[in-house]
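> Structure file run_12.cif (mmCIF, C-alpha atoms and all ligand atoms) right here:
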```cif
data_protein
#
loop_
_atom_site.label_atom_id
_atom_site.label_comp_id
_atom_site.auth_asym_id
_atom_site.auth_seq_id
_atom_site.Cartn_x
_atom_site.Cartn_y
_atom_site.Cartn_z
CA MET A 1 1.72 -5.15 -5.46
CA PRO A 2 2.41 -1.65 -4.16
CA GLU A 3 2.10 -1.50 -0.39
CA GLY A 4 1.42 1.40 1.94
CA ASP A 5 4.90 2.87 1.63
CA SER A 6 4.68 2.99 -2.19
CA LEU A 7 1.32 4.75 -1.99
CA HIS A 8 2.70 7.34 0.43
CA ARG A 9 5.60 7.93 -1.96
CA ILE A 10 3.19 8.45 -4.88
CA ALA A 11 1.07 10.82 -2.77
CA GLY A 12 4.26 12.77 -2.04
CA ARG A 13 5.07 13.14 -5.73
CA LEU A 14 1.53 14.29 -6.55
CA GLN A 15 1.74 17.17 -4.05
CA VAL A 16 3.12 19.48 -6.78
CA LEU A 17 -0.38 19.56 -8.29
CA VAL A 18 -2.17 20.41 -5.04
CA GLY A 19 -3.68 23.90 -4.92
CA GLU A 20 -3.93 24.04 -8.71
CA ARG A 21 -6.87 23.83 -11.07
CA VAL A 22 -6.43 20.81 -13.34
CA ASP A 23 -7.29 20.03 -16.92
CA ALA A 24 -8.32 16.40 -17.00
CA GLU A 25 -8.71 13.90 -19.79
CA SER A 26 -8.85 10.14 -20.26
CA PRO A 27 -7.13 8.98 -23.45
CA ASN A 28 -7.81 5.36 -22.49
CA PRO A 29 -11.44 4.23 -23.12
CA ARG A 30 -11.50 2.24 -19.88
CA GLY A 31 -10.34 5.32 -18.03
CA LEU A 32 -12.94 7.40 -19.83
CA ALA A 33 -15.64 4.97 -18.75
CA THR A 34 -14.90 5.71 -15.10
CA GLY A 35 -16.23 9.26 -15.55
CA VAL A 36 -13.39 10.58 -13.40
CA ALA A 37 -11.89 12.98 -15.95
CA ARG A 38 -15.26 14.60 -16.63
CA ALA A 39 -15.96 14.97 -12.91
CA VAL A 40 -12.66 16.66 -12.01
CA ASP A 41 -11.90 18.69 -15.15
CA GLY A 42 -11.48 22.36 -14.26
CA ARG A 43 -11.59 21.76 -10.49
CA MET A 44 -8.90 22.63 -7.99
CA LEU A 45 -7.07 19.67 -6.47
CA GLN A 46 -7.19 20.25 -2.72
CA SER A 47 -5.29 17.29 -1.33
CA VAL A 48 -3.75 13.93 -2.12
CA GLU A 49 -3.31 11.33 0.59
CA ALA A 50 -2.51 7.66 0.88
CA VAL A 51 -4.84 5.65 3.09
CA GLY A 52 -3.60 2.11 3.34
CA LYS A 53 -3.22 0.95 -0.24
CA HIS A 54 -5.67 3.55 -1.55
CA LEU A 55 -4.84 6.95 -2.93
CA LEU A 56 -7.47 9.64 -2.34
CA LEU A 57 -7.47 12.82 -4.44
CA ARG A 58 -9.84 15.47 -3.10
CA PHE A 59 -11.09 18.19 -5.43
CA GLU A 60 -13.11 21.29 -4.71
CA GLY A 61 -16.85 20.71 -4.59
CA ASN A 62 -16.46 17.53 -2.51
CA VAL A 63 -15.35 15.44 -5.47
CA VAL A 64 -13.12 12.57 -4.32
CA VAL A 65 -11.23 10.23 -6.62
CA ARG A 66 -9.99 6.90 -5.32
CA SER A 67 -7.16 5.01 -6.97
CA HIS A 68 -6.11 1.48 -6.06
CA LEU A 69 -3.24 0.04 -8.07
CA ARG A 70 -3.52 -3.68 -7.32
CA MET A 71 -0.82 -5.44 -9.40
CA SER A 72 -0.77 -3.38 -12.57
CA GLY A 73 -1.58 0.27 -11.93
CA ARG A 74 0.88 3.12 -11.62
CA TRP A 75 1.14 6.90 -11.48
CA ARG A 76 3.67 9.12 -13.20
CA VAL A 77 4.40 12.79 -12.55
CA ARG A 78 6.49 14.96 -14.83
CA LYS A 79 6.82 18.54 -16.01
CA VAL A 80 4.55 19.67 -18.83
CA GLY A 81 6.15 19.65 -22.26
CA GLY A 82 7.81 16.24 -22.33
CA PRO A 83 7.68 13.81 -25.25
CA PRO A 84 4.30 12.31 -26.12
CA TRP A 85 3.13 9.41 -23.94
CA ARG A 86 3.57 5.95 -25.33
CA GLY A 87 0.23 4.27 -24.74
CA ALA A 88 -2.95 5.70 -23.32
CA PRO A 89 -3.17 6.64 -19.65
CA TRP A 90 -6.47 6.19 -17.83
CA LEU A 91 -6.27 9.72 -16.49
CA VAL A 92 -4.20 12.82 -17.22
CA LEU A 93 -4.24 15.71 -14.75
CA ARG A 94 -2.49 18.80 -16.06
CA THR A 95 -1.61 22.07 -14.36
CA PRO A 96 0.39 24.86 -16.02
CA ARG A 97 3.63 23.20 -14.87
CA TRP A 98 2.94 19.55 -14.03
CA GLU A 99 1.35 16.55 -15.59
CA ALA A 100 0.25 13.52 -13.60
CA THR A 101 -0.88 10.37 -15.37
CA GLN A 102 -2.52 7.21 -14.12
CA TRP A 103 -1.88 4.00 -16.04
CA ASN A 104 -3.74 0.67 -16.14
CA GLY A 105 -6.24 1.55 -13.40
CA PRO A 106 -7.36 -0.93 -12.37
CA VAL A 107 -9.46 0.86 -9.76
CA LEU A 108 -10.15 4.50 -10.48
CA SER A 109 -13.46 5.69 -9.15
CA LEU A 110 -15.40 8.56 -7.66
CA GLY A 111 -16.07 8.50 -3.92
CA ASP A 112 -14.06 7.18 -1.01
CA THR A 113 -16.47 4.62 0.47
CA PRO A 114 -14.19 1.52 0.38
CA ALA A 115 -11.40 3.53 1.97
CA ARG A 116 -13.67 4.43 4.88
CA ASN A 117 -13.88 0.81 6.00
CA LEU A 118 -10.14 0.55 6.51
CA GLY A 119 -8.31 0.11 9.75
CA PRO A 120 -5.78 2.73 10.85
CA ASP A 121 -3.08 3.46 8.27
CA LEU A 122 0.14 2.10 9.72
CA LEU A 123 2.06 5.07 8.31
CA ALA A 124 -0.28 7.84 9.46
CA PRO A 125 1.36 10.03 12.13
CA GLU A 126 -1.61 9.63 14.49
CA THR A 127 -1.52 5.81 14.38
CA VAL A 128 -0.07 4.20 17.50
CA ALA A 129 1.13 0.57 17.46
CA HIS A 130 -0.66 -0.25 20.71
CA ASP A 131 -4.00 0.95 19.29
CA VAL A 132 -3.49 -1.37 16.33
CA VAL A 133 -2.74 -4.24 18.72
CA ALA A 134 -5.97 -3.48 20.61
CA ARG A 135 -7.81 -3.66 17.29
CA LEU A 136 -6.16 -6.99 16.45
CA ARG A 137 -7.35 -8.30 19.83
CA ARG A 138 -10.95 -7.52 18.93
CA THR A 139 -10.91 -9.94 15.99
CA ASP A 140 -11.12 -13.76 16.18
CA GLN A 141 -7.99 -14.84 18.07
CA SER A 142 -7.79 -18.17 16.24
CA ARG A 143 -6.91 -16.31 13.03
CA LEU A 144 -3.40 -16.71 11.68
CA VAL A 145 -1.11 -13.76 12.30
CA GLY A 146 -0.11 -13.88 8.65
CA GLU A 147 -3.72 -13.34 7.60
CA ALA A 148 -4.75 -10.81 10.23
CA LEU A 149 -1.91 -8.38 9.56
CA VAL A 150 -2.82 -8.05 5.87
CA ASP A 151 -6.54 -7.66 6.62
CA GLN A 152 -6.89 -4.01 5.62
CA ARG A 153 -9.93 -3.57 7.87
CA LEU A 154 -7.71 -4.21 10.89
CA VAL A 155 -4.62 -2.29 9.85
CA ALA A 156 -4.11 -0.64 6.47
CA GLY A 157 -0.97 -0.60 4.39
CA ILE A 158 0.73 -3.95 4.93
CA GLY A 159 0.99 -6.26 1.91
CA ASN A 160 2.81 -9.51 1.24
CA MET A 161 6.33 -8.16 1.15
CA TRP A 162 6.21 -6.22 4.40
CA LEU A 163 4.25 -9.02 6.06
CA SER A 164 7.03 -11.53 5.42
CA GLU A 165 9.74 -9.09 6.44
CA LEU A 166 8.11 -7.89 9.66
CA LEU A 167 7.30 -11.41 10.86
CA TRP A 168 10.88 -12.50 10.24
CA HIS A 169 12.25 -9.51 12.15
CA ALA A 170 9.90 -10.21 15.06
CA ARG A 171 10.59 -13.99 14.91
CA ILE A 172 6.88 -14.77 14.60
CA SER A 173 5.65 -17.64 12.43
CA PRO A 174 3.07 -16.64 9.79
CA TRP A 175 1.09 -19.66 11.02
CA SER A 176 0.95 -18.62 14.65
CA ARG A 177 -2.54 -17.91 15.94
CA LEU A 178 -3.16 -14.38 17.17
CA ARG A 179 -3.87 -15.69 20.68
CA ASP A 180 -0.39 -17.25 20.84
CA VAL A 181 1.45 -13.98 20.14
CA SER A 182 1.92 -11.45 22.94
CA ASP A 183 0.89 -7.80 22.74
CA GLU A 184 4.54 -6.82 23.08
CA ALA A 185 5.57 -9.02 20.15
CA LEU A 186 2.80 -7.63 17.95
CA ALA A 187 3.56 -4.03 18.91
CA GLY A 188 7.25 -4.61 18.29
CA ALA A 189 6.58 -6.12 14.86
CA LEU A 190 4.25 -3.26 13.88
CA GLY A 191 6.70 -0.67 15.18
CA TRP A 192 9.49 -2.21 13.11
CA ALA A 193 7.25 -2.24 10.00
CA ARG A 194 6.22 1.36 10.52
CA GLY A 195 9.83 2.47 10.85
CA SER A 196 11.02 0.54 7.82
CA MET A 197 8.08 1.57 5.65
CA THR A 198 8.57 5.21 6.64
CA ALA A 199 12.24 4.95 5.68
CA SER A 200 11.12 3.50 2.36
CA VAL A 201 8.77 6.45 1.75
CA GLU A 202 11.78 8.70 2.31
CA GLY A 203 13.79 6.73 -0.23
CA ARG A 204 15.87 4.59 2.13
CA ARG A 205 15.20 0.99 1.18
CA SER A 206 16.57 -1.88 3.18
CA ALA A 207 17.59 -5.24 1.74
CA ARG A 208 14.93 -7.91 1.95
CA ALA A 209 15.61 -10.69 4.41
CA VAL A 210 13.08 -13.31 3.34
CA TYR A 211 10.61 -12.02 0.75
CA ARG A 212 11.01 -13.98 -2.52
CA ARG A 213 14.15 -15.61 -1.12
CA ALA A 214 12.83 -19.16 -0.67
CA GLY A 215 15.58 -21.76 -0.97
CA ARG A 216 18.28 -19.31 0.05
CA GLY A 217 19.88 -18.97 3.45
CA CYS A 218 18.31 -17.06 6.35
CA PRO A 219 20.43 -13.91 6.88
CA ARG A 220 20.28 -14.53 10.65
CA CYS A 221 20.81 -18.27 11.08
CA GLY A 222 21.58 -19.74 7.65
CA GLU A 223 18.57 -22.11 7.61
CA VAL A 224 16.94 -22.61 4.20
CA LEU A 225 14.07 -20.14 3.82
CA GLN A 226 10.62 -21.53 3.00
CA ALA A 227 7.65 -20.29 0.98
CA ARG A 228 4.11 -21.52 1.15
CA GLY A 229 0.62 -20.29 0.27
CA LEU A 230 -1.16 -18.58 3.11
CA GLY A 231 -4.87 -17.82 3.13
CA ASP A 232 -6.24 -16.78 -0.25
CA ALA A 233 -4.62 -18.15 -3.39
CA ASN A 234 -2.42 -15.28 -4.51
CA ARG A 235 -0.66 -14.80 -1.19
CA THR A 236 2.63 -16.48 -0.35
CA ALA A 237 4.37 -16.30 3.01
CA TYR A 238 8.17 -16.48 3.23
CA TRP A 239 9.76 -17.49 6.51
CA CYS A 240 12.63 -19.13 8.34
CA PRO A 241 11.50 -22.32 10.11
CA THR A 242 14.28 -21.97 12.71
CA CYS A 243 13.89 -18.28 13.59
CA GLN A 244 10.09 -18.42 13.30
CA PRO A 245 9.00 -21.75 14.78
CA ALA A 246 5.28 -22.51 14.74
CA THR A 247 3.79 -22.06 18.20
ZN ZN B 1 16.69 -18.02 10.56
#
```
Take the structure in this file and express it as structure tokens.


Amino acid sequence: MPEGDSLHRIAGRLQVLVGERVDAESPNPRGLATGVARAVDGRMLQSVEAVGKHLLLRFEGNVVVRSHLRMSGRWRVRKVGGPPWRGAPWLVLRTPRWEATQWNGPVLSLGDTPARNLGPDLLAPETVAHDVVARLRRTDQSRLVGEALVDQRLVAGIGNMWLSELLWHARISPWSRLRDVSDEALAGALGWARGSMTASVEGRRSARAVYRRAGRGCPRCGEVLQARGLGDANRTAYWCPTCQPAT
């Protein structure tokens, strides 16, 4: 699933359309059913921003389009005049020079309400790690760290992959309770994630230490890495039992 850094990268690519009036269409019937193309056709695109795992496209006349990619959705941007698309995008936004297409939804809607209930975006310039820690302290302290850090209402942008990586770097077990982890450790982990995700937005990707590496050796100590379901069913935590002992 795309995480906050992927969404920021997509927002960056879509900037070439900002300031332009767009022709919009929805070749895909499911895309058409969202009503998005009809609502934005002929309007000027004023801004595109990533907020957590949401992408918000603001058009003149206070029309806001929200895109959430979950597992399957994606965006493509290319110059006008390329070969015909194979398949039917949910949304095509076309300016005289650029063409942006959204594929497979699965969430493409008008209005930004769900994105307003998010915690601070970890990658936003104004977000400070200590403010996020303060927010984490206001939730139930018996919650597992591995669940709280992917709760988008507390802090937006972290998904499974970055969760596993940041906890390994900070030597925190995914099964530690919030109350058993110090402010300094949480701030350090968030600071590391912010730095690494920002580097990823800029195209510098680091090798994964633990994510999807269960059964292989820990890059730090050589112990066999573990994987186990954490919280809701489709979430798996990856960790090193030696570097990240349960507290
Ligand atoms: Zn280890």

> Report as JSON, numbers by chain which protein, DNA and RNA residues come within 10 Å of ligand ZN 1 (chain B), using all atoms listed in the file.

{"A": [168, 169, 171, 209, 210, 217, 218, 219, 220, 221, 222, 223, 224, 225, 239, 240, 241, 242, 243, 244, 245]}

> Find, counting only C-alpha atoms, the residue in A:Arg94, A:His8, A:His130, A:Arg116 that gets nearest to A:Lys79.

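Closest candidate: A:Arg94.
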
> With all atoms of stretch 113-123 of chain A from the file as input, state the centre and edge lengths in Å to one decimal of the axis-aligned box that has 8 Å extra on each side, as AutoDock Vina command-line options.


```
--center_x -7.2 --center_y 2.6 --center_z 5.6 --size_x 34.5 --size_y 21.0 --size_z 26.5
```

> Which protein, DNA or RNA residues have an atom at most 12 Å from (-12.8, -0.3, -3.0), counting all atoms listed in the file? List them as an MDAnalysis selection string.

chainID A and resid 51:56 65:70 106:118 152:153

> Distance atom CA of A:Glu20-atom CA of A:Arg86, one decimal place?

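Spanning atom CA of A:Glu20 to atom CA of A:Arg86 is a straight-line distance of 25.7 Å.
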
> Using atom CA of A:Gly119 and atom CA of A:Leu230 as the two end points, give the distance in Å to one decimal.

21.1 Å

> Using all atoms listed in the file, pick whichever of A:Glu25, A:Gly231, A:Trp75, A:Leu186 has the shortest atom-to-atom distance to A:Asp151.

A:Gly231

> Between A:Ser6, A:Ser173, A:Gln15, A:Gln102, which one has atoms that come closest to A:Asn28, using all atoms listed in the file?

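Among A:Ser6, A:Ser173, A:Gln15, A:Gln102, it is A:Gln102 that comes nearest to A:Asn28.
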
> Rank nothing, just name the residue among A:Ala24, A:Ala185, A:Leu122, A:Ala170 nearest to A:Leu154, using all atoms listed in the file.

A:Leu122

> Once you count all atoms listed in the file, which residues end up no further than 6 Å from (0.3, 7.7, -1.6) in the file's frame, shown as a PyMOL selection string?

chain A and resi 7-11+49-50+55

> Rounded to one decimal in Å, what is the spacing between atom CA of A:Ser47 and atom CA of A:Phe59?

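Straight-line distance from atom CA of A:Ser47 to atom CA of A:Phe59 works out to 7.2 Å.
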
> I'd like the contact shell of A:Gly73 - 6 Å cut-off, only C-alpha atoms, skipping same-chain residues fewer than 6 positions apart - returned as a PyMOL selection string.

chain A and resi 103-106

> Can you work out which one of A:Gly157, A:Pro29, A:Gly61, A:Pro174 has the shortest atom-to-atom distance to A:Pro89, counting all atoms listed in the file?

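Checking each candidate against A:Pro89, we get A:Pro29 as the closest.
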